[in-house]
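Asks: Quick one: the structure is below, questions incoming.
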Amino acid sequence: MKDAEIMAKNPNRPLSPHLQVYRWSPQMAISIFHRATGFILATVGMITLLWWLSAIGGGAESYATFQKYVVSAGESATGFETAINWFFRLLGLAVTFSFFQHLASGIRHLVLDIGAGYELKANRTWASAAFVAAFFATAFVVLFVASRFLGV
Amino acid sequence: MDSRTYIGRVRGLGSAKHGGEHWLKQRLTAIGNILLTTWLVVSLLLMPNFDQATLAQWLAQPTVAVPMILMIVNIFTHARLGLQVLIEDYVHDEGKKFGAMALLNFYVVASAVFGIFVVAKLAFTGASA
């Protein structure tokens, strides 16, 4: 019998404790964030990278299209174009944060792989530090983009 | 009744000594990604402006095209390994798993080749206006 069939037959079977019974900690959060940010980078992030490269290769007109969507729709944009622009900006923000989060968390994983950083306090501290680093790096990029492209 | 010799029965059932390959490749590409994406981020921060012509000329240089192609290969290999783990963890039906893995391979190989071609074309034929 398959697992699914057993589950359907006896919904009251004893279950081992799962996510919902534990109090969230930075160590737990960083684990699932590593996976989620990796997924965002592998989908939205990689497609955006290819879009950017092919827009550069495609010439001035194709690069202008990329900029219109991802950077700024411009002064004369319709409400719809501005909305699409904000949608891509939010995706860009998600990819930027995912990049730094995955980078910080990945470095943490490499440290754990050599056998360091398993003491309870150190483990918790470095998990929190990875979030803080990703947040500040993302904020820096947002400020950089705002000052270089949007004249803020 | 199995008439094979003892060695014949166990041959092929043990470790092929490749068990750590996935794990190790993921770490090695991770280290490569740290180096290559740091290169990209620093290059972008130092870029004088972001006009298409400037970027195309920048990308067409051998010292930029080569690390960019390396970065594409490295990132897409790392993503291929990572998404494989997601599929193995969340897709339990054997048929769906096979399909998902096939789609993943198509996606990663096709998009990496596309990216490499874009960069190589710029590097070999020069920046178009």
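So you can find residues: chains in the structure tokens are A, B, ... in the order shown, residues in each start at 1, and ligands are numbered from 1 in order.
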Within 12 Å of Pro62 (chain B), counting only C-alpha atoms, which residues show up once you throw out same-chain ones fewer than 3 positions away? Write them as an MDAnalysis selection string, please.
Replies: chainID B and resid 57:59 65:70 119:124 126
Asks: Could those selected residues go to a file with N, CA and C atoms, as a compact mmCIF listing (two decimals), in the first residue's frame?
Replies:
```
# COMPACT_ATOMS: atom_id res chain seq x y z
N GLN B 57 30.12 47.21 -25.42
CA GLN B 57 31.58 47.26 -25.57
C GLN B 57 32.29 46.57 -24.41
N TRP B 58 31.72 46.78 -23.21
CA TRP B 58 32.28 46.13 -22.01
C TRP B 58 32.19 44.61 -22.13
N LEU B 59 31.01 44.12 -22.53
CA LEU B 59 30.76 42.68 -22.59
C LEU B 59 31.57 42.00 -23.71
N ALA B 65 33.98 38.75 -21.42
CA ALA B 65 33.20 37.67 -22.02
C ALA B 65 33.56 36.32 -21.39
N VAL B 66 34.86 36.09 -21.14
CA VAL B 66 35.28 34.79 -20.60
C VAL B 66 34.72 34.56 -19.18
N PRO B 67 34.95 35.50 -18.24
CA PRO B 67 34.32 35.27 -16.92
C PRO B 67 32.80 35.23 -16.97
N MET B 68 32.19 35.97 -17.90
CA MET B 68 30.72 35.94 -17.99
C MET B 68 30.24 34.55 -18.43
N ILE B 69 30.93 33.96 -19.42
CA ILE B 69 30.56 32.61 -19.87
C ILE B 69 30.81 31.59 -18.75
N LEU B 70 31.94 31.75 -18.06
CA LEU B 70 32.22 30.87 -16.91
C LEU B 70 31.13 30.99 -15.86
N VAL B 119 26.70 36.00 -25.42
CA VAL B 119 27.97 36.61 -25.04
C VAL B 119 29.02 36.36 -26.13
N ALA B 120 29.08 35.12 -26.65
CA ALA B 120 30.08 34.78 -27.66
C ALA B 120 29.87 35.60 -28.93
N LYS B 121 28.61 35.78 -29.32
CA LYS B 121 28.31 36.55 -30.53
C LYS B 121 28.82 37.98 -30.40
N LEU B 122 28.55 38.58 -29.23
CA LEU B 122 29.04 39.94 -28.99
C LEU B 122 30.56 39.99 -29.04
N ALA B 123 31.21 38.99 -28.43
CA ALA B 123 32.66 38.99 -28.35
C ALA B 123 33.30 38.75 -29.73
N PHE B 124 32.66 37.90 -30.55
CA PHE B 124 33.28 37.54 -31.84
C PHE B 124 32.94 38.53 -32.94
N GLY B 126 31.65 41.73 -32.43
CA GLY B 126 31.68 43.12 -32.02
C GLY B 126 30.31 43.62 -31.63
```
Asks: Find the residues around region 46-51 of chain B up to 10 Å (only C-alpha atoms counted), leave out those fewer than 3 positions away in its own chain, and share them as a CSV table (one decimal) with N, CA and C atoms, in the first residue's frame.
Replies:
```
chain,number,residue,atom,x,y,z
A,56,ILE,N,21.4,43.5,-24.1
A,56,ILE,CA,22.7,44.2,-24.5
A,56,ILE,C,23.1,43.8,-25.9
A,60,ALA,N,20.5,48.9,-29.2
A,60,ALA,CA,20.0,50.0,-28.3
A,60,ALA,C,18.4,49.8,-28.1
A,63,TYR,N,17.6,47.1,-25.7
A,63,TYR,CA,18.0,47.4,-24.3
A,63,TYR,C,17.0,48.5,-23.7
A,64,ALA,N,16.5,49.4,-24.6
A,64,ALA,CA,15.5,50.3,-24.1
A,64,ALA,C,14.3,49.6,-23.6
A,67,GLN,N,15.0,48.3,-20.2
A,67,GLN,CA,15.0,49.3,-19.2
A,67,GLN,C,13.6,49.8,-18.9
A,148,ARG,N,21.5,56.2,-9.2
A,148,ARG,CA,22.1,56.1,-10.6
A,148,ARG,C,21.1,56.2,-11.7
A,149,PHE,N,19.9,55.6,-11.5
A,149,PHE,CA,18.9,55.5,-12.6
A,149,PHE,C,17.7,56.3,-12.4
B,40,LEU,N,31.1,40.1,-11.0
B,40,LEU,CA,30.0,40.8,-11.7
B,40,LEU,C,29.5,42.0,-10.9
B,41,VAL,N,29.2,41.8,-9.6
B,41,VAL,CA,28.7,42.9,-8.8
B,41,VAL,C,29.6,44.1,-8.7
B,42,VAL,N,30.9,43.8,-8.5
B,42,VAL,CA,31.9,44.9,-8.5
B,42,VAL,C,32.0,45.6,-9.8
B,43,SER,N,32.0,44.8,-10.9
B,43,SER,CA,32.0,45.4,-12.3
B,43,SER,C,30.9,46.3,-12.5
B,54,THR,N,27.8,51.3,-24.1
B,54,THR,CA,28.9,51.1,-23.1
B,54,THR,C,28.9,49.6,-22.6
B,55,LEU,N,27.7,49.1,-22.3
B,55,LEU,CA,27.6,47.7,-21.8
B,55,LEU,C,28.0,46.7,-22.9
B,56,ALA,N,27.6,47.0,-24.2
B,56,ALA,CA,28.0,46.1,-25.2
B,56,ALA,C,29.5,46.0,-25.4
B,58,TRP,N,31.7,46.8,-23.2
B,58,TRP,CA,32.3,46.1,-22.0
B,58,TRP,C,32.2,44.6,-22.1
```
Asks: So which residues touch region 34-37 of chain B within 12 Å, counting only C-alpha atoms, skipping near sequence neighbours fewer than 2 positions away, as a PyMOL selection string?
Replies: (chain A and resi 49+99-100+102-107+110) or (chain B and resi 27-32+39-44+64+66-75+78)
Asks: Enter the distance from CA of Leu81 (chain B) to CA of Phe98 (chain B), in Å, rounded to one decimal.
Replies: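 Calculated distance between CA of Leu81 (chain B) and CA of Phe98 (chain B) is 15.0 Å.
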Asks: Near Arg89 (chain A), within 10 Å and counting only C-alpha atoms, which residues show up once chain neighbours fewer than 5 positions away are dropped, as number ranges by chain?
Replies: A: 69-72, 83-84, 94-95
Asks: Excluding Ala122 (chain A) and residues on its chain fewer than 4 positions from it, collect all residues at most 12 Å away from it, counting only C-alpha atoms, and give them as a PDB file with C-alpha atoms, in the first residue's frame.
Replies:
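And here's result-v3.pdb as it stands now:
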```pdb
ATOM      1  CA  PRO A  26      16.790  32.155  12.951  1.00  0.00           C
ATOM      2  CA  GLN A  27      18.407  28.756  12.365  1.00  0.00           C
ATOM      3  CA  ARG A 108      27.450  29.954   6.322  1.00  0.00           C
ATOM      4  CA  VAL A 111      31.626  27.120   7.201  1.00  0.00           C
ATOM      5  CA  LEU A 112      29.286  24.476   8.657  1.00  0.00           C
ATOM      6  CA  ALA A 116      32.630  24.888  12.520  1.00  0.00           C
ATOM      7  CA  GLY A 117      29.805  26.939  14.006  1.00  0.00           C
ATOM      8  CA  TYR A 118      27.622  24.233  15.546  1.00  0.00           C
ATOM      9  CA  TRP A 126      25.607  33.542  12.396  1.00  0.00           C
ATOM     10  CA  ALA A 127      22.125  32.658  11.166  1.00  0.00           C
ATOM     11  CA  SER A 128      20.889  36.084  12.281  1.00  0.00           C
ATOM     12  CA  ALA A 129      24.007  37.764  10.884  1.00  0.00           C
TER      13      ALA A 129
END
```
Asks: Measuring between only C-alpha atoms, which one of B:Lys96, B:Asn105, B:Trp23, B:Gln52 shows the shortest distance to Leu53 (chain A)?
Replies: B:Gln52
Asks: Measuring between only C-alpha atoms, which one of A:Asn85, A:Ser54, A:Gln101, A:Gln20 shows the shortest distance to Leu41 (chain A)?
Replies: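 Checking each of A:Asn85, A:Ser54, A:Gln101, A:Gln20 against Leu41 (chain A), counting only C-alpha atoms, the winner is A:Gln101.
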Asks: Any chance you could list, as a ChimeraX atom specification, the residues in chain B that come up helix (DSSP H, G or I) when DSSP is run on the backbone?
Replies: /B:6-10,21-46,52-60,62-90,94-125
